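Chemist: Just so it is clear, I am handing over structure39.txt, which has compact mmCIF, C-alpha atoms.
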```
# COMPACT_ATOMS: atom_id res chain seq x y z
CA ASN A 300 -32.54 54.96 -14.86
CA CYS A 301 -33.77 57.11 -12.00
CA ASP A 302 -30.45 57.78 -10.25
CA SER A 303 -27.95 58.11 -13.15
CA THR A 304 -26.45 54.68 -12.31
CA GLY A 305 -29.00 52.58 -14.18
CA LYS A 306 -31.25 51.69 -11.25
CA SER A 307 -34.96 51.47 -11.81
CA LEU A 308 -37.38 53.40 -9.64
CA THR A 309 -38.41 50.11 -8.03
CA GLN A 310 -34.84 49.26 -7.08
CA PHE A 311 -34.27 52.79 -5.77
CA GLU A 312 -37.36 52.42 -3.60
CA LYS A 313 -36.07 49.09 -2.28
CA ASP A 314 -32.71 50.61 -1.40
CA THR A 315 -34.43 53.49 0.39
CA SER A 316 -36.68 51.11 2.34
CA ARG A 317 -33.67 48.98 3.28
CA GLU A 318 -31.89 52.07 4.62
CA LEU A 319 -34.99 53.01 6.63
CA MET A 320 -34.79 49.64 8.36
CA ILE A 321 -31.42 50.72 9.77
CA ALA A 322 -31.92 54.44 10.39
CA ASP A 323 -35.03 56.38 11.35
CA PHE A 324 -34.84 58.67 8.30
CA VAL A 325 -33.19 59.07 4.91
CA GLY A 326 -32.83 62.00 2.51
CA VAL A 327 -33.73 62.06 -1.19
CA LYS A 328 -32.64 64.87 -3.48
CA VAL A 329 -33.45 65.67 -7.09
CA ASN A 330 -30.29 66.43 -9.06
CA MET A 331 -29.61 67.76 -12.53
CA PRO A 332 -26.51 67.05 -14.64
CA GLU A 333 -23.87 69.75 -14.15
CA LYS A 334 -23.72 70.50 -17.85
CA SER A 335 -27.44 71.16 -18.07
CA GLU A 336 -28.49 74.74 -18.80
CA PHE A 337 -31.88 74.31 -17.12
CA THR A 338 -33.48 76.31 -19.93
CA ILE A 339 -33.69 73.80 -22.76
CA SER A 340 -36.92 72.08 -23.71
CA LYS A 341 -37.94 68.75 -22.22
CA LEU A 342 -37.49 67.03 -25.60
CA ASP A 343 -33.96 68.38 -26.03
CA ALA A 344 -33.09 67.46 -22.46
CA GLU A 345 -34.19 63.86 -23.01
CA ARG A 346 -32.24 63.66 -26.27
CA ASN A 347 -29.08 64.97 -24.57
CA GLY A 348 -29.53 62.84 -21.46
CA GLU A 349 -29.83 65.97 -19.33
CA VAL A 350 -32.74 64.80 -17.24
CA PRO A 351 -33.25 65.00 -13.46
CA TYR A 352 -32.24 62.04 -11.34
CA LEU A 353 -32.62 61.00 -7.71
CA ALA A 354 -29.87 60.78 -5.09
CA MET A 355 -30.26 59.10 -1.70
CA TYR A 356 -28.36 60.34 1.36
CA GLN A 357 -27.93 58.25 4.49
CA ALA A 358 -28.89 59.74 7.85
CA GLU A 359 -25.29 59.83 9.10
CA ASN A 360 -24.28 62.01 6.13
CA ILE A 361 -27.01 64.61 6.68
CA ILE A 362 -25.27 67.05 9.04
CA LYS A 363 -27.93 69.73 9.45
CA ILE A 364 -31.53 70.40 8.47
CA TYR A 365 -33.29 73.70 9.16
CA THR A 366 -36.79 74.80 8.25
CA THR A 367 -38.46 78.19 7.86
CA VAL A 368 -42.02 79.39 7.29
CA VAL A 369 -42.66 80.97 3.90
CA ASN A 370 -46.20 82.14 3.08
CA ASN A 371 -47.56 80.15 6.05
CA LEU A 372 -45.89 76.99 4.77
CA GLU A 373 -42.99 75.31 6.57
CA LEU A 374 -40.21 74.61 4.10
CA ILE A 375 -36.73 73.16 4.36
CA SER A 376 -34.44 76.19 4.27
CA LEU A 377 -31.01 74.65 4.84
CA VAL A 378 -29.47 71.22 4.36
CA VAL A 379 -25.81 70.35 4.91
CA ILE A 380 -24.70 67.03 3.42
CA LYS A 381 -21.34 65.33 3.79
CA GLU A 382 -20.29 63.39 0.72
CA LYS A 383 -17.35 61.88 -1.13
CA ALA A 384 -16.12 63.25 -4.45
CA THR A 385 -13.60 61.84 -6.90
CA VAL A 386 -11.09 64.38 -8.22
CA GLN A 387 -8.12 64.23 -10.53
CA SER A 388 -4.75 63.88 -8.84
CA GLU A 389 -2.63 67.03 -9.20
CA SER A 390 0.63 65.09 -9.47
CA ASP A 391 -0.49 62.21 -11.70
CA GLU A 392 -2.86 62.59 -14.64
CA PHE A 393 -3.57 58.85 -14.64
CA SER A 394 -4.83 58.63 -11.09
CA GLN A 395 -7.74 59.98 -9.09
CA LYS A 396 -8.35 60.40 -5.41
CA GLU A 397 -11.40 60.56 -3.19
CA VAL A 398 -11.94 63.68 -1.10
CA GLU A 399 -14.55 64.74 1.42
CA GLN A 400 -16.76 67.69 0.66
CA TYR A 401 -19.93 69.34 1.92
CA ARG A 402 -22.95 70.19 -0.18
CA VAL A 403 -25.03 73.05 1.22
CA LEU A 404 -28.59 73.47 -0.04
CA SER A 405 -30.25 76.69 1.07
CA LEU A 406 -32.97 79.21 0.38
CA LYS A 407 -31.64 82.73 -0.14
CA ILE A 408 -33.46 86.02 -0.47
CA HIS A 409 -33.53 87.15 -4.10
CA GLU A 410 -31.48 90.36 -4.27
CA ASP A 411 -33.10 91.50 -7.53
CA LYS A 412 -36.61 91.62 -6.06
CA SER A 413 -38.11 94.41 -4.02
CA ALA A 414 -40.45 92.00 -2.28
CA THR A 415 -39.10 89.13 -0.18
CA GLU A 416 -38.60 86.10 -2.41
CA TYR A 417 -36.54 83.04 -1.68
CA ILE A 418 -34.51 81.23 -4.34
CA TYR A 419 -32.68 77.93 -4.18
CA SER A 420 -28.88 77.95 -3.93
CA GLU A 421 -26.51 74.98 -4.00
CA ARG A 422 -22.93 75.40 -2.77
CA ILE A 423 -19.97 73.04 -2.49
CA PHE A 424 -17.37 73.40 0.29
CA ASP A 425 -14.15 71.43 0.59
CA ASP A 426 -13.03 69.65 3.76
CA LYS A 427 -11.30 72.86 4.93
CA GLY A 428 -14.52 74.87 4.77
CA ASP A 429 -13.60 76.88 1.67
CA GLU A 430 -16.37 77.48 -0.87
CA VAL A 431 -15.64 75.79 -4.17
CA SER A 432 -18.72 76.63 -6.23
CA GLU A 433 -22.26 77.99 -6.09
CA ILE A 434 -25.14 77.62 -8.53
CA PHE A 435 -28.71 78.89 -8.68
CA PRO A 436 -30.65 76.22 -10.60
CA LYS A 437 -33.45 77.30 -12.90
CA ILE A 438 -36.34 75.54 -14.59
CA GLN A 439 -37.66 77.09 -17.79
CA GLY A 440 -35.70 80.23 -17.01
CA LYS A 441 -37.11 80.66 -13.48
CA TYR A 442 -35.37 80.11 -10.17
CA PHE A 443 -36.46 77.35 -7.83
CA ASN A 444 -38.27 78.68 -4.75
CA THR A 445 -37.98 75.42 -2.82
CA ILE A 446 -35.16 73.00 -2.15
CA PRO A 447 -35.63 69.74 -4.11
CA PHE A 448 -34.85 67.66 -1.04
CA LYS A 449 -37.19 65.50 1.02
CA ILE A 450 -36.82 63.53 4.23
CA ALA A 451 -38.44 60.09 4.41
CA TYR A 452 -39.10 58.85 7.95
CA ALA A 453 -39.39 55.23 9.00
CA ASN A 454 -42.29 56.04 11.34
CA ASP A 455 -43.70 58.80 13.52
CA THR A 456 -41.70 57.70 16.58
CA PHE A 457 -38.31 58.53 15.01
CA LYS A 458 -37.20 55.01 15.83
CA ALA A 459 -35.54 52.64 13.38
CA PRO A 460 -37.62 49.46 12.87
CA ILE A 461 -34.52 47.35 13.43
CA GLU A 462 -33.93 48.70 16.96
CA ASP A 463 -36.25 46.17 18.65
CA LEU A 464 -34.58 43.31 16.79
CA VAL A 465 -31.16 44.62 17.80
CA ALA A 466 -32.23 44.81 21.45
CA THR A 467 -33.54 41.24 21.34
CA ASN A 468 -30.38 39.89 19.75
CA LEU A 469 -28.24 41.81 22.24
CA ASN A 470 -30.20 40.25 25.09
CA TYR A 471 -29.62 36.76 23.66
CA TYR A 472 -25.91 37.51 23.31
CA VAL A 473 -25.57 38.75 26.91
CA MET A 474 -27.41 35.72 28.31
CA ASN A 475 -25.38 33.29 26.20
CA ALA A 476 -22.11 34.99 27.20
CA SER A 477 -23.06 34.79 30.89
CA TYR A 478 -24.05 31.11 30.58
CA THR A 479 -20.85 30.23 28.68
CA HIS A 480 -18.73 32.02 31.28
CA GLY A 481 -20.51 30.11 34.06
CA VAL A 482 -19.90 26.78 32.31
CA PHE A 483 -16.22 27.70 31.91
CA MET A 484 -15.85 28.52 35.60
CA ALA A 485 -17.63 25.32 36.65
CA GLY A 486 -15.75 23.11 34.20
CA PHE A 487 -12.26 24.24 35.23
CA PRO A 488 -11.71 23.80 38.99
CA THR A 489 -9.33 26.14 40.82
CA LEU A 490 -6.41 24.67 42.80
CA TYR A 491 -5.60 26.33 46.11
CA ALA A 492 -2.91 26.15 48.82
CA THR A 493 -3.07 27.54 52.37
CA GLY A 494 -0.63 27.63 55.27
CA ILE A 495 2.50 27.67 53.11
CA ASP A 496 5.47 29.97 53.00
CA THR A 497 4.36 32.50 50.40
CA GLU A 498 7.95 33.47 49.60
CA LYS A 499 9.47 30.02 49.08
CA GLU A 500 6.72 27.47 48.58
CA VAL A 501 4.34 29.07 46.09
CA PRO A 502 3.63 26.40 43.42
CA LYS A 503 5.20 27.29 40.09
CA ALA A 504 3.43 24.69 37.95
CA ILE A 505 0.43 22.37 37.93
CA GLY A 506 -0.23 19.13 36.09
CA PRO A 507 -0.43 15.33 36.45
CA ASN A 508 3.35 14.98 36.93
CA THR A 509 3.67 17.85 39.42
CA ILE A 510 3.58 17.42 43.21
CA TRP A 511 3.05 20.29 45.59
CA VAL A 512 4.91 19.96 48.90
CA SER A 513 5.40 22.14 51.94
CA GLU A 514 7.46 21.98 55.11
CA SER A 515 4.70 23.66 57.07
CA GLY A 516 2.51 21.46 59.21
CA ASP A 517 -0.45 23.80 58.55
CA ALA A 518 -0.18 23.47 54.80
CA GLU A 519 -3.31 22.38 52.99
CA PHE A 520 -3.88 21.80 49.30
CA GLY A 521 -7.22 21.32 47.57
CA ILE A 522 -9.54 22.04 44.66
CA LEU A 523 -12.31 24.62 44.55
CA GLU A 524 -15.10 23.35 42.35
CA SER A 525 -18.49 24.86 41.65
CA THR A 526 -21.55 22.66 41.49
CA ALA A 527 -23.03 24.95 38.79
CA GLY A 528 -26.51 24.36 40.10
CA GLY A 529 -27.96 27.27 38.15
CA ALA A 530 -26.35 26.44 34.81
CA ASP A 531 -29.31 24.34 33.66
CA LYS A 532 -31.65 27.29 34.16
CA GLY A 533 -29.38 29.49 32.04
CA GLU A 534 -29.28 26.87 29.30
CA ARG A 535 -33.07 26.60 29.18
CA TYR A 536 -33.36 30.39 28.97
```
Here is the file; what I need is its structure written in the form of C-alpha cells.
Modeler:
Amino acid sequence: NCDSTGKSLTQFEKDTSRELMIADFVGVKVNMPEKSEFTISKLDAERNGEVPYLAMYQAENIIKIYTTVVNNLELISLVVIKEKATVQSESDEFSQKEVEQYRVLSLKIHEDKSATEYIYSERIFDDKGDEVSEIFPKIQGKYFNTIPFKIAYANDTFKAPIEDLVATNLNYYVMNASYTHGVFMAGFPTLYATGIDTEKEVPKAIGPNTIWVSESGDAEFGILESTAGGADKGERY
C-alpha cells in the first residue's frame, strides 16, 4: 500500500510509466496523513497507520514549478498543483460535493533563524484564491528543508513517447479521409443543365421517374462524372 489506496509499488510504477507515455513528465509527491503529528516514532506510526504514501500528479494538473539554488544545489522551491477535493455539503449532511482547490508547496525562509534557512510549507487555496490552511511538516521534530516532490521525465527531449505514434495515426486518418472523399465524388455523378431559364426551369427534383425539360433551344442536360484515375494510388497508399 504505497499510495493509501492499496496499490503496490509495482502497480504505482506501472501507472506512472503509463502516464509518461502520454505526457512528457509527471509529478510524484510524498504525503503524510493529516492526523499525523510527525513526531512519533516509526514503530508507533506503523501501528497507527500514519506512514508516508505516494501521490502522482498528471502534467496538466501541475500549474507551476520554480527552482532556486540553495547551498550551490538547485532545488524545487515552488509547486502549484490543481486538484479535486471532496467536501461535506453545507445544506445536506448526507451528501458530499467535489470542489477544485490548489495545493501550493513552497520553501520559505525560517523566521526563527538568524541565518538564512529554508523550510517546507504546504498551503491549500480554494477555487477563489483564498487560503484555507497552511502546515509546516516536521520529521522527528525538525522541519523539512526540501519539498518532497519530484518530476519524472519521459526522456531528455521533453517529448511524449506517444507523439510519433499519434502523428503516424493522424497521417493514416488524413490519407484515408481524402481517399474516401475521392471515392464518394467519383461514385456519385453530378447532373448539370445549361442554357435554361434560371428563374422558371431550374430542376426541382431528380430521379428515375423525373424528366427535365426546357423550352430553350440552347438547353443541354448531362452528367459530370470523374474517371477517378488516381483513386487506385490512394488505395495502395
Chemist: Could you tell me which of A:Val350, A:Leu406, A:Ile522, A:Val379 comes closest to Cys301 in chain A if we count all atoms listed in the file?
Modeler: A:Val350
Chemist: Between CA of Ile461 in chain A and CA of Gln357 in chain A, what is the distance in Å, rounded to a tenth?
Modeler: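 CA of Ile461 in chain A sits 15.6 Å away from CA of Gln357 in chain A.
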Chemist: Which residues are close to Ile423 in chain A, i.e. within 6 Å by only C-alpha atoms, leaving aside same-chain residues fewer than 6 positions away? Reply as a ChimeraX atom specification.
Modeler: /A:401-402,430-432
Chemist: Interatomic distance between CA of Tyr419 in chain A and CA of Leu372 in chain A?
Modeler: 16.0 Å
Chemist: Interatomic distance between CA of Asp517 in chain A and CA of Gly494 in chain A?
Modeler: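 Computing the Euclidean distance for CA of Asp517 in chain A and CA of Gly494 in chain A yields 5.0 Å.
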Chemist: Can you pull out every residue within 8 Å of Ile364 in chain A, counting only C-alpha atoms, but drop anything in the same chain fewer than 5 positions away, and send it as an NGL selection string?
Modeler: :A and (375-379)
Chemist: If we count all atoms listed in the file and set the cut-off at 12 Å, which residues sit around Asn444 in chain A, ignoring sequence neighbours fewer than 5 positions away in its own chain? Please answer as a list in words.
Modeler: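 Skipping anything fewer than 5 positions along the chain leaves Val369, Asn370, Leu374, Ile375, Ser376, Leu404, Ser405, Leu406, Lys407, Ile408, His409, Thr415, Glu416, Tyr417, Ile418, Tyr419, Ser420, Phe435, Pro436, Lys437 and Ile438 of chain A.
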Chemist: Looking at A:Val512, A:Tyr442, A:Asp463, A:Met355, which one is nearest to Ile321 in chain A, with distances taken over all atoms listed in the file?
Modeler: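 Closest to Ile321 in chain A of all the choices is A:Asp463.
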Chemist: Might you pull out every residue within 8 Å of Val329 in chain A, with all atoms listed in the file counted and same-chain residues fewer than 2 positions away left off, and present them as a list in words?
Modeler: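 The residues that qualify are Val327, Met331, Pro351, Tyr352, Leu353, Ala354, Pro447 and Phe448 of chain A.
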Chemist: Got time to write the residues from that selection, C-alpha atoms, as a PDB file, keeping the file's coordinate frame?
Modeler:
```pdb
ATOM      1  CA  VAL A 327     -33.730  62.060  -1.190  1.00  0.00           C
ATOM      2  CA  MET A 331     -29.610  67.760 -12.530  1.00  0.00           C
ATOM      3  CA  PRO A 351     -33.250  65.000 -13.460  1.00  0.00           C
ATOM      4  CA  TYR A 352     -32.240  62.040 -11.340  1.00  0.00           C
ATOM      5  CA  LEU A 353     -32.620  61.000  -7.710  1.00  0.00           C
ATOM      6  CA  ALA A 354     -29.870  60.780  -5.090  1.00  0.00           C
ATOM      7  CA  PRO A 447     -35.630  69.740  -4.110  1.00  0.00           C
ATOM      8  CA  PHE A 448     -34.850  67.660  -1.040  1.00  0.00           C
TER       9      PHE A 448
END
```
Chemist: Let me make sure I understand: among A:Tyr472, A:Phe393, A:Tyr356, A:Tyr491, which one has the smallest atom-to-atom distance to Glu318 in chain A if we use only C-alpha atoms?
Modeler: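 Closest to Glu318 in chain A, using only C-alpha atoms: A:Tyr356.
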Chemist: Near Lys381 in chain A, within 9 Å and counting all atoms listed in the file, which residues show up once chain neighbours fewer than 3 positions away are dropped, as JSON, numbers by chain?
Modeler: {"A": [356, 359, 360, 361, 362, 399, 400, 401, 402, 403]}
Chemist: Could you pull out every residue with an atom within 6 Å of (2.0, 26.2, 55.6), file coordinates, counting all atoms listed in the file, and send them as a compact mmCIF listing (two decimals) with C-alpha atoms, in the frame of the given file?
Modeler:
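Contents of the output file point-v3.txt:
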```txt
# COMPACT_ATOMS: atom_id res chain seq x y z
CA GLY A 494 -0.63 27.63 55.27
CA ILE A 495 2.50 27.67 53.11
CA ASP A 496 5.47 29.97 53.00
CA SER A 515 4.70 23.66 57.07
CA GLY A 516 2.51 21.46 59.21
CA ASP A 517 -0.45 23.80 58.55
CA ALA A 518 -0.18 23.47 54.80
```
Chemist: Would you fill the gaps in range 362-379 of chain A so it has N, CA, C and O atoms, then print it as a short mmCIF file (atom, residue, chain, number, x, y, z; two decimals), keeping the file's coordinate frame?
Modeler:
```cif
data_model
loop_
_atom_site.label_atom_id
_atom_site.label_comp_id
_atom_site.auth_asym_id
_atom_site.auth_seq_id
_atom_site.Cartn_x
_atom_site.Cartn_y
_atom_site.Cartn_z
N ILE A 362 -25.84 66.38 7.87
CA ILE A 362 -25.27 67.05 9.04
C ILE A 362 -26.29 67.98 9.71
O ILE A 362 -26.44 67.98 10.92
N LYS A 363 -26.98 68.77 8.90
CA LYS A 363 -27.93 69.73 9.45
C LYS A 363 -29.16 69.84 8.56
O LYS A 363 -29.06 69.71 7.34
N ILE A 364 -30.29 70.11 9.20
CA ILE A 364 -31.53 70.40 8.47
C ILE A 364 -32.26 71.50 9.23
O ILE A 364 -32.56 71.33 10.41
N TYR A 365 -32.52 72.62 8.55
CA TYR A 365 -33.29 73.70 9.16
C TYR A 365 -34.54 73.95 8.31
O TYR A 365 -34.54 73.70 7.09
N THR A 366 -35.56 74.45 8.96
CA THR A 366 -36.79 74.80 8.25
C THR A 366 -37.16 76.25 8.55
O THR A 366 -36.71 76.83 9.55
N THR A 367 -37.97 76.83 7.66
CA THR A 367 -38.46 78.19 7.86
C THR A 367 -39.88 78.27 7.31
O THR A 367 -40.28 77.44 6.47
N VAL A 368 -40.64 79.24 7.75
CA VAL A 368 -42.02 79.39 7.29
C VAL A 368 -42.06 80.46 6.20
O VAL A 368 -41.65 81.61 6.42
N VAL A 369 -42.52 80.06 5.04
CA VAL A 369 -42.66 80.97 3.90
C VAL A 369 -44.11 80.91 3.43
O VAL A 369 -44.61 79.85 3.05
N ASN A 370 -44.78 82.07 3.48
CA ASN A 370 -46.20 82.14 3.08
C ASN A 370 -47.04 81.10 3.83
O ASN A 370 -47.82 80.36 3.24
N ASN A 371 -46.81 81.04 5.17
CA ASN A 371 -47.56 80.15 6.05
C ASN A 371 -47.32 78.67 5.73
O ASN A 371 -48.15 77.82 6.08
N LEU A 372 -46.21 78.37 5.10
CA LEU A 372 -45.89 76.99 4.77
C LEU A 372 -44.46 76.71 5.24
O LEU A 372 -43.52 77.43 4.90
N GLU A 373 -44.32 75.67 6.06
CA GLU A 373 -42.99 75.31 6.57
C GLU A 373 -42.20 74.59 5.48
O GLU A 373 -42.61 73.55 4.99
N LEU A 374 -41.06 75.17 5.14
CA LEU A 374 -40.21 74.61 4.10
C LEU A 374 -38.81 74.34 4.64
O LEU A 374 -38.35 75.00 5.58
N ILE A 375 -38.14 73.39 4.04
CA ILE A 375 -36.73 73.16 4.36
C ILE A 375 -35.94 74.33 3.81
O ILE A 375 -36.01 74.66 2.63
N SER A 376 -35.17 75.00 4.69
CA SER A 376 -34.44 76.19 4.27
C SER A 376 -32.94 75.97 4.21
O SER A 376 -32.22 76.76 3.59
N LEU A 377 -32.44 74.92 4.87
CA LEU A 377 -31.01 74.65 4.84
C LEU A 377 -30.76 73.17 5.06
O LEU A 377 -31.32 72.56 5.97
N VAL A 378 -29.91 72.60 4.21
CA VAL A 378 -29.47 71.22 4.36
C VAL A 378 -27.97 71.17 4.13
O VAL A 378 -27.47 71.71 3.15
N VAL A 379 -27.26 70.54 5.06
CA VAL A 379 -25.81 70.35 4.91
C VAL A 379 -25.55 68.85 4.80
O VAL A 379 -25.91 68.09 5.70
#
```
